[in-house]
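Below is coords_30.txt, holding compact mmCIF, C-alpha atoms and all ligand atoms.
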# COMPACT_ATOMS: atom_id res chain seq x y z
CA MET A 24 -2.58 31.38 -12.83
CA ARG A 25 -1.54 31.63 -9.19
CA ALA A 26 -1.26 28.89 -6.60
CA LEU A 27 -0.96 28.86 -2.82
CA VAL A 28 0.39 25.86 -0.91
CA VAL A 29 -0.40 25.82 2.81
CA PHE A 30 1.22 23.15 4.96
CA GLU A 31 1.53 22.05 8.56
CA SER A 32 4.56 20.01 9.58
CA MET A 33 6.05 18.89 12.87
CA PHE A 34 9.23 17.04 11.94
CA GLY A 35 9.69 18.25 8.34
CA ASP A 36 8.21 15.37 6.30
CA THR A 37 5.07 17.23 5.20
CA LYS A 38 7.14 20.33 4.51
CA GLU A 39 9.31 18.25 2.19
CA VAL A 40 6.23 17.11 0.21
CA ALA A 41 4.80 20.66 0.22
CA ASP A 42 8.09 21.97 -1.22
CA ALA A 43 7.94 19.32 -3.95
CA VAL A 44 4.29 20.17 -4.74
CA ALA A 45 5.16 23.88 -4.94
CA PHE A 46 8.13 23.10 -7.17
CA GLY A 47 5.91 21.04 -9.49
CA LEU A 48 3.20 23.71 -9.67
CA ALA A 49 5.81 26.37 -10.37
CA SER A 50 6.42 24.92 -13.83
CA GLY A 51 2.97 26.19 -14.86
CA MET A 52 2.06 29.06 -12.53
CA LYS A 53 3.21 31.52 -9.90
CA VAL A 54 3.37 29.76 -6.51
CA GLN A 55 3.47 30.90 -2.89
CA ILE A 56 4.10 28.44 -0.08
CA LYS A 57 3.09 29.22 3.51
CA GLU A 58 3.28 27.37 6.80
CA ALA A 59 -0.23 27.14 8.38
CA GLY A 60 0.69 29.41 11.33
CA ILE A 61 1.56 32.30 9.00
CA ALA A 62 -0.81 31.58 6.09
CA PRO A 63 -3.28 34.36 5.14
CA ASP A 64 -6.76 34.51 6.74
CA VAL A 65 -8.31 35.38 3.38
CA VAL A 66 -7.54 33.71 0.05
CA ASP A 67 -8.93 36.14 -2.51
CA ASP A 68 -9.58 35.61 -6.20
CA SER A 69 -6.01 36.47 -7.14
CA VAL A 70 -5.34 32.82 -6.16
CA ASP A 71 -6.73 30.14 -8.52
CA VAL A 72 -5.35 26.97 -6.95
CA LEU A 73 -4.96 26.04 -3.28
CA VAL A 74 -3.13 22.91 -2.11
CA VAL A 75 -3.14 22.09 1.60
CA GLY A 76 -1.09 19.41 3.36
CA GLY A 77 -0.60 18.20 6.91
CA PRO A 78 0.57 15.23 8.94
CA THR A 79 -2.01 12.61 9.92
CA HIS A 80 -2.37 12.69 13.71
CA ALA A 81 -4.70 10.36 15.61
CA PHE A 82 -6.49 9.29 12.39
CA GLY A 83 -7.12 12.82 11.09
CA LEU A 84 -6.01 16.44 11.24
CA SER A 85 -3.78 17.36 14.18
CA ARG A 86 -5.18 18.95 17.32
CA PRO A 87 -3.38 21.04 19.96
CA GLY A 88 -2.93 17.90 22.10
CA THR A 89 -1.40 15.79 19.32
CA ARG A 90 0.90 18.68 18.38
CA GLU A 91 2.03 18.82 22.02
CA ASP A 92 2.79 15.09 21.82
CA ALA A 93 4.79 15.68 18.64
CA ALA A 94 6.73 18.50 20.31
CA LYS A 95 7.58 16.14 23.19
CA GLN A 96 8.76 13.53 20.68
CA ALA A 97 10.94 16.14 18.97
CA ALA A 98 12.47 16.96 22.38
CA GLY A 99 15.18 19.61 21.98
CA ALA A 100 14.93 19.70 18.19
CA GLY A 101 11.61 21.62 18.20
CA VAL A 102 8.82 21.43 15.61
CA ILE A 103 8.10 23.52 12.52
CA SER A 104 4.38 24.22 13.11
CA ASP A 105 4.44 25.52 16.67
CA ARG A 106 1.49 27.93 16.38
CA LEU A 107 -1.58 26.66 14.51
CA GLY A 108 -2.36 23.50 12.61
CA LEU A 109 -4.19 23.01 9.32
CA ARG A 110 -7.44 22.26 11.23
CA GLU A 111 -7.37 25.71 12.86
CA TRP A 112 -6.34 27.46 9.64
CA LEU A 113 -9.21 25.83 7.71
CA ALA A 114 -11.65 26.73 10.51
CA GLY A 115 -10.75 30.43 10.28
CA VAL A 116 -9.95 31.06 6.63
CA THR A 117 -12.19 32.79 4.08
CA LEU A 118 -11.90 31.22 0.62
CA HIS A 119 -13.45 32.48 -2.60
CA PRO A 120 -16.00 30.16 -4.26
CA GLY A 121 -14.10 29.72 -7.54
CA LEU A 122 -11.06 28.23 -5.85
CA GLN A 123 -9.70 24.90 -7.15
CA VAL A 124 -8.32 22.86 -4.24
CA ALA A 125 -6.52 19.64 -3.37
CA ALA A 126 -5.33 18.13 -0.09
CA PHE A 127 -2.51 15.77 0.84
CA ASP A 128 -1.14 14.31 4.02
CA THR A 129 1.78 12.33 5.32
CA ARG A 130 1.29 9.22 7.43
CA VAL A 131 2.94 5.98 8.45
CA ASN A 132 2.56 2.95 6.21
CA LYS A 133 0.93 0.50 8.60
CA PRO A 134 -1.75 -1.92 7.46
CA ARG A 135 -5.06 -1.51 9.29
CA LEU A 136 -4.22 2.02 10.49
CA PRO A 137 -7.21 4.02 9.26
CA GLY A 138 -7.69 7.76 8.92
CA SER A 139 -6.07 10.48 6.84
CA ALA A 140 -5.61 14.19 7.45
CA ALA A 141 -6.02 14.78 3.71
CA HIS A 142 -9.52 13.27 3.62
CA ALA A 143 -10.51 15.34 6.66
CA ALA A 144 -9.12 18.52 5.02
CA GLU A 145 -10.86 17.68 1.75
CA ARG A 146 -14.24 17.32 3.53
CA ARG A 147 -13.76 20.75 5.10
CA LEU A 148 -12.76 22.32 1.77
CA ARG A 149 -15.83 20.81 0.11
CA ARG A 150 -18.03 22.28 2.85
CA LEU A 151 -16.40 25.68 2.22
CA GLY A 152 -17.71 25.47 -1.35
CA CYS A 153 -14.41 24.81 -3.16
CA THR A 154 -13.96 22.61 -6.23
CA ILE A 155 -11.70 19.58 -5.67
CA PHE A 156 -9.37 19.32 -8.67
CA ALA A 157 -7.47 16.22 -7.48
CA PRO A 158 -8.49 13.61 -4.90
CA ALA A 159 -6.93 13.56 -1.41
CA GLU A 160 -3.56 11.83 -1.46
CA SER A 161 -1.38 10.28 1.25
CA PHE A 162 2.40 10.16 1.19
CA TYR A 163 3.93 7.52 3.42
CA ILE A 164 6.88 8.61 5.50
CA ARG A 165 9.99 6.51 5.90
CA PRO A 166 9.98 4.97 9.38
CA LYS A 167 12.56 6.56 11.63
CA SER A 168 15.20 4.07 12.76
CA PRO A 169 14.53 2.76 16.29
CA VAL A 170 18.30 2.31 16.74
CA ILE A 171 20.44 4.93 18.46
CA SER A 172 24.23 4.77 18.57
CA LEU A 173 26.09 3.27 21.55
CA PRO A 174 27.64 6.64 22.55
CA GLN A 175 24.16 8.24 22.38
CA SER A 176 22.71 5.51 24.62
CA GLU A 177 25.66 5.83 27.06
CA ALA A 178 25.11 9.59 27.29
CA GLN A 179 21.40 9.02 27.87
CA ALA A 180 22.11 6.45 30.64
CA ILE A 181 24.34 9.02 32.37
CA ARG A 182 21.70 11.74 32.07
CA ASN A 183 19.10 9.37 33.56
CA ALA A 184 21.37 8.42 36.46
CA LEU A 185 22.19 12.05 37.24
CA GLU A 186 18.52 12.96 37.11
CA ALA A 187 17.56 10.03 39.37
CA THR A 188 20.16 11.01 41.98
CA GLY A 189 19.56 14.75 41.85
CA GLY A 190 22.99 15.26 40.29
CA GLU A 191 24.97 13.36 42.97
CA ARG A 192 27.85 11.93 40.99
CA GLY A 193 28.90 9.32 43.60
CA LYS A 194 25.41 7.78 43.69
CA ALA A 195 25.02 8.09 39.90
CA ALA A 196 28.32 6.22 39.41
CA GLN A 197 27.07 3.46 41.74
CA LEU A 198 23.82 3.14 39.78
CA LEU A 199 25.78 2.94 36.53
CA LYS A 200 28.23 0.45 38.06
CA ILE A 201 31.28 2.49 37.11
CA GLY A 202 33.85 4.43 39.12
CA ARG A 203 33.44 8.13 39.94
CA THR A 204 36.46 9.06 37.83
CA THR A 205 35.13 7.15 34.82
CA LEU A 206 31.77 8.87 35.24
CA TYR A 207 33.44 12.30 35.32
CA ARG A 208 35.54 11.47 32.23
CA LYS A 209 32.45 10.35 30.30
CA MET A 210 30.47 13.40 31.43
CA LYS A 211 33.21 15.60 29.97
CA GLU A 212 33.27 13.50 26.80
CA TYR A 213 29.52 13.98 26.32
CA ASN A 214 29.47 17.63 27.40
CA LEU A 215 27.41 16.86 30.49
CA VAL A 216 29.48 18.99 32.91
C1 LIG B 301 0.73 12.57 18.02
C2 LIG B 301 0.87 11.82 16.73
C3 LIG B 301 -0.17 11.05 16.25
C4 LIG B 301 -0.04 10.33 15.04
N1 LIG B 301 -1.09 9.60 14.57
C5 LIG B 301 -0.97 8.96 13.37
C6 LIG B 301 -2.07 8.23 12.82
O1 LIG B 301 -3.15 8.15 13.38
N2 LIG B 301 -1.90 7.62 11.62
C7 LIG B 301 -0.70 7.68 10.93
O2 LIG B 301 -0.62 7.11 9.84
N3 LIG B 301 0.35 8.38 11.42
C8 LIG B 301 0.25 9.00 12.63
N4 LIG B 301 1.29 9.72 13.12
C9 LIG B 301 2.53 9.80 12.34
C10 LIG B 301 2.51 11.10 11.55
O3 LIG B 301 1.62 11.00 10.47
C11 LIG B 301 3.91 11.47 11.11
O4 LIG B 301 4.62 11.84 12.26
C12 LIG B 301 3.87 12.61 10.13
O5 LIG B 301 3.43 12.17 8.87
C13 LIG B 301 5.21 13.26 9.96
O6 LIG B 301 5.02 14.47 9.25
P1 LIG B 301 5.73 15.82 9.72
O7 LIG B 301 7.21 15.49 9.76
O8 LIG B 301 5.43 16.81 8.68
O9 LIG B 301 5.20 16.19 11.07
C14 LIG B 301 1.18 10.42 14.31
C15 LIG B 301 2.22 11.22 14.80
C16 LIG B 301 2.08 11.92 15.99
C17 LIG B 301 3.21 12.78 16.48
Any chance you could put this one into structure tokens?
Ligand SMILES: Cc1cc2nc3c(=O)[nH]c(=O)nc-3n(C[C@H](O)[C@H](O)[C@H](O)COP(=O)(O)O)c2cc1C
Amino acid sequence: MRALVVFESMFGDTKEVADAVAFGLASGMKVQIKEAGIAPDVVDDSVDVLVVGGPTHAFGLSRPGTREDAAKQAAGAGVISDRLGLREWLAGVTLHPGLQVAAFDTRVNKPRLPGSAAHAAERRLRRLGCTIFAPAESFYIRPKSPVISLPQSEAQAIRNALEATGGERGKAAQLLKIGRTTLYRKMKEYNLV
């Protein structure tokens, strides 16, 4: 038996679940794991089991716009799936009719927040003629802490002030209500010079 796990992930949570799924499957079969952007366009009959996973975005599978939003949220850190999402992969892939499939997603655990990427993926897989061997499943992600450290917030305040004043340190220091010398010292401390 051979399995293929295809995942989309922006910040790494869905990748973590996909890795765990692949690890679990590997106890009974040969497993390949592929990110959606580099997954094959054809899944031929050498593969018996396909598991797909993606993050829930805007109540369903991600779209280019929601992935752009995620990339903005990730700021400098970047995202894992920066080419295609699971929606696009499922729209283009050719699957063989005997394939056994299952879908999962990651999402936030908020009451009254409907929608799941896994259910959307499962509907598509059903339409492609596959057999669902396990129902769509959601894994709730741990909420990221809204707290940032005091040095981080100080560095951010300095960046904002410099941006607002076009880099003029005198004016930035005034906005921050600190002396020019203190501003310069802190800029060096936070590698902002
Ligand atoms: C643009 C955007 C839209 C989102 N919409 C939803 C949503 O409708 N429901 C939900 O439960 N989570 C939503 N989330 C949270 C994601 O599900 C969460 O970021 C994802 O599970 C993290 O997985 P990843 O690290 O693999 O990207 C959204 C996240 C982003 C960035």
Quick one: residues within 8 Å of stretch 109-117 of chain A, all atoms listed in the file counted, chain neighbours fewer than 2 positions away excluded, as a ChimeraX atom specification?
-> /A:30-31,59-60,62-66,75-77,84-86,107,119,144,147-148
I need the residues from that last selection saved to file as a PDB file, in the frame of the given file (with C-alpha atoms), if you can.
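Contents of again_38.pdb, as written:
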ATOM      1  CA  PHE A  30       1.220  23.150   4.960  1.00  0.00           C
ATOM      2  CA  GLU A  31       1.530  22.050   8.560  1.00  0.00           C
ATOM      3  CA  ALA A  59      -0.230  27.140   8.380  1.00  0.00           C
ATOM      4  CA  GLY A  60       0.690  29.410  11.330  1.00  0.00           C
ATOM      5  CA  ALA A  62      -0.810  31.580   6.090  1.00  0.00           C
ATOM      6  CA  PRO A  63      -3.280  34.360   5.140  1.00  0.00           C
ATOM      7  CA  ASP A  64      -6.760  34.510   6.740  1.00  0.00           C
ATOM      8  CA  VAL A  65      -8.310  35.380   3.380  1.00  0.00           C
ATOM      9  CA  VAL A  66      -7.540  33.710   0.050  1.00  0.00           C
ATOM     10  CA  VAL A  75      -3.140  22.090   1.600  1.00  0.00           C
ATOM     11  CA  GLY A  76      -1.090  19.410   3.360  1.00  0.00           C
ATOM     12  CA  GLY A  77      -0.600  18.200   6.910  1.00  0.00           C
ATOM     13  CA  LEU A  84      -6.010  16.440  11.240  1.00  0.00           C
ATOM     14  CA  SER A  85      -3.780  17.360  14.180  1.00  0.00           C
ATOM     15  CA  ARG A  86      -5.180  18.950  17.320  1.00  0.00           C
ATOM     16  CA  LEU A 107      -1.580  26.660  14.510  1.00  0.00           C
ATOM     17  CA  HIS A 119     -13.450  32.480  -2.600  1.00  0.00           C
ATOM     18  CA  ALA A 144      -9.120  18.520   5.020  1.00  0.00           C
ATOM     19  CA  ARG A 147     -13.760  20.750   5.100  1.00  0.00           C
ATOM     20  CA  LEU A 148     -12.760  22.320   1.770  1.00  0.00           C
TER      21      LEU A 148
END
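Each of A:Val44, A:Ile61, A:Leu27, A:Ile103 was compared to ligand LIG 301 (chain B) using all atoms listed in the file, and A:Ile103 turns out to be the nearest.
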Please define a box with edges along x, y and z of the file around all atoms of stretch 93-108 of chain A given in the file, extend it by 8 Å on each side, and return its centre and edge lengths in Å to one decimal, as AutoDock Vina command-line options.
--center_x 6.4 --center_y 20.7 --center_z 17.9 --size_x 33.5 --size_y 30.4 --size_z 26.7
Could you name the residues that touch A:His80 at 12 Å or less, counting only C-alpha atoms, but leaving out those on the same chain fewer than 3 positions away, as a PyMOL selection string?
-> chain A and resi 31-33+77+83-93+108-110+128-131+136-141+143
Same residues, C-alpha atoms, saved as a PDB file, in the frame of the given file:
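Wrote it out as again-v3.pdb, contents follow:
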ATOM      1  CA  GLU A  31       1.530  22.050   8.560  1.00  0.00           C
ATOM      2  CA  SER A  32       4.560  20.010   9.580  1.00  0.00           C
ATOM      3  CA  MET A  33       6.050  18.890  12.870  1.00  0.00           C
ATOM      4  CA  GLY A  77      -0.600  18.200   6.910  1.00  0.00           C
ATOM      5  CA  GLY A  83      -7.120  12.820  11.090  1.00  0.00           C
ATOM      6  CA  LEU A  84      -6.010  16.440  11.240  1.00  0.00           C
ATOM      7  CA  SER A  85      -3.780  17.360  14.180  1.00  0.00           C
ATOM      8  CA  ARG A  86      -5.180  18.950  17.320  1.00  0.00           C
ATOM      9  CA  PRO A  87      -3.380  21.040  19.960  1.00  0.00           C
ATOM     10  CA  GLY A  88      -2.930  17.900  22.100  1.00  0.00           C
ATOM     11  CA  THR A  89      -1.400  15.790  19.320  1.00  0.00           C
ATOM     12  CA  ARG A  90       0.900  18.680  18.380  1.00  0.00           C
ATOM     13  CA  GLU A  91       2.030  18.820  22.020  1.00  0.00           C
ATOM     14  CA  ASP A  92       2.790  15.090  21.820  1.00  0.00           C
ATOM     15  CA  ALA A  93       4.790  15.680  18.640  1.00  0.00           C
ATOM     16  CA  GLY A 108      -2.360  23.500  12.610  1.00  0.00           C
ATOM     17  CA  LEU A 109      -4.190  23.010   9.320  1.00  0.00           C
ATOM     18  CA  ARG A 110      -7.440  22.260  11.230  1.00  0.00           C
ATOM     19  CA  ASP A 128      -1.140  14.310   4.020  1.00  0.00           C
ATOM     20  CA  THR A 129       1.780  12.330   5.320  1.00  0.00           C
ATOM     21  CA  ARG A 130       1.290   9.220   7.430  1.00  0.00           C
ATOM     22  CA  VAL A 131       2.940   5.980   8.450  1.00  0.00           C
ATOM     23  CA  LEU A 136      -4.220   2.020  10.490  1.00  0.00           C
ATOM     24  CA  PRO A 137      -7.210   4.020   9.260  1.00  0.00           C
ATOM     25  CA  GLY A 138      -7.690   7.760   8.920  1.00  0.00           C
ATOM     26  CA  SER A 139      -6.070  10.480   6.840  1.00  0.00           C
ATOM     27  CA  ALA A 140      -5.610  14.190   7.450  1.00  0.00           C
ATOM     28  CA  ALA A 141      -6.020  14.780   3.710  1.00  0.00           C
ATOM     29  CA  ALA A 143     -10.510  15.340   6.660  1.00  0.00           C
TER      30      ALA A 143
END
Which value, in Å to one decimal, gives the distance between atom CA of A:Ala184 and atom CA of A:Leu199?
-> 7.0 Å
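We find atom CA of A:Thr154 and atom CA of A:Ser69 to be spaced 16.0 Å apart.
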Shell around A:Asn214 at 12 Å using all atoms listed in the file, local window under 3 positions removed, as number ranges by chain | A: 175, 178-179, 181-182, 206-211
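Note that atom CA of A:Met24 and atom CA of A:Ile155 are 16.5 Å apart.
Closest to A:Phe34 among A:Ile164, A:Ala125, A:Ala49, A:Ala157 is A:Ile164, based on all atoms listed in the file.
Checking A:Gly51, A:Gly101, A:Pro158, A:Gly152 one by one against ligand LIG 301 (chain B), counting only C-alpha atoms and all ligand atoms, you find the shortest gap at A:Gly101.
Using all atoms listed in the file, the shortest contact distance between A:Gly35 and any of A:Thr205, A:Glu160, A:Ala98, A:Glu58 is found at A:Glu58.
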Contact residues around A:Leu73 with only C-alpha atoms at 7 Å, ignoring same-chain residues under 4 positions, as an MDAnalysis selection string = chainID A and resid 26:28 122:125
Which residue, A:Gly99, A:Pro134, A:Gly202, A:Gly121, has the smallest gap to ligand LIG 301 (chain B) when you use only C-alpha atoms and all ligand atoms?
-> A:Pro134
Which residue, A:Lys53, A:Lys200, A:Arg149, A:Arg135, has the smallest gap to ligand LIG 301 (chain B) when you use only C-alpha atoms and all ligand atoms?
-> A:Arg135
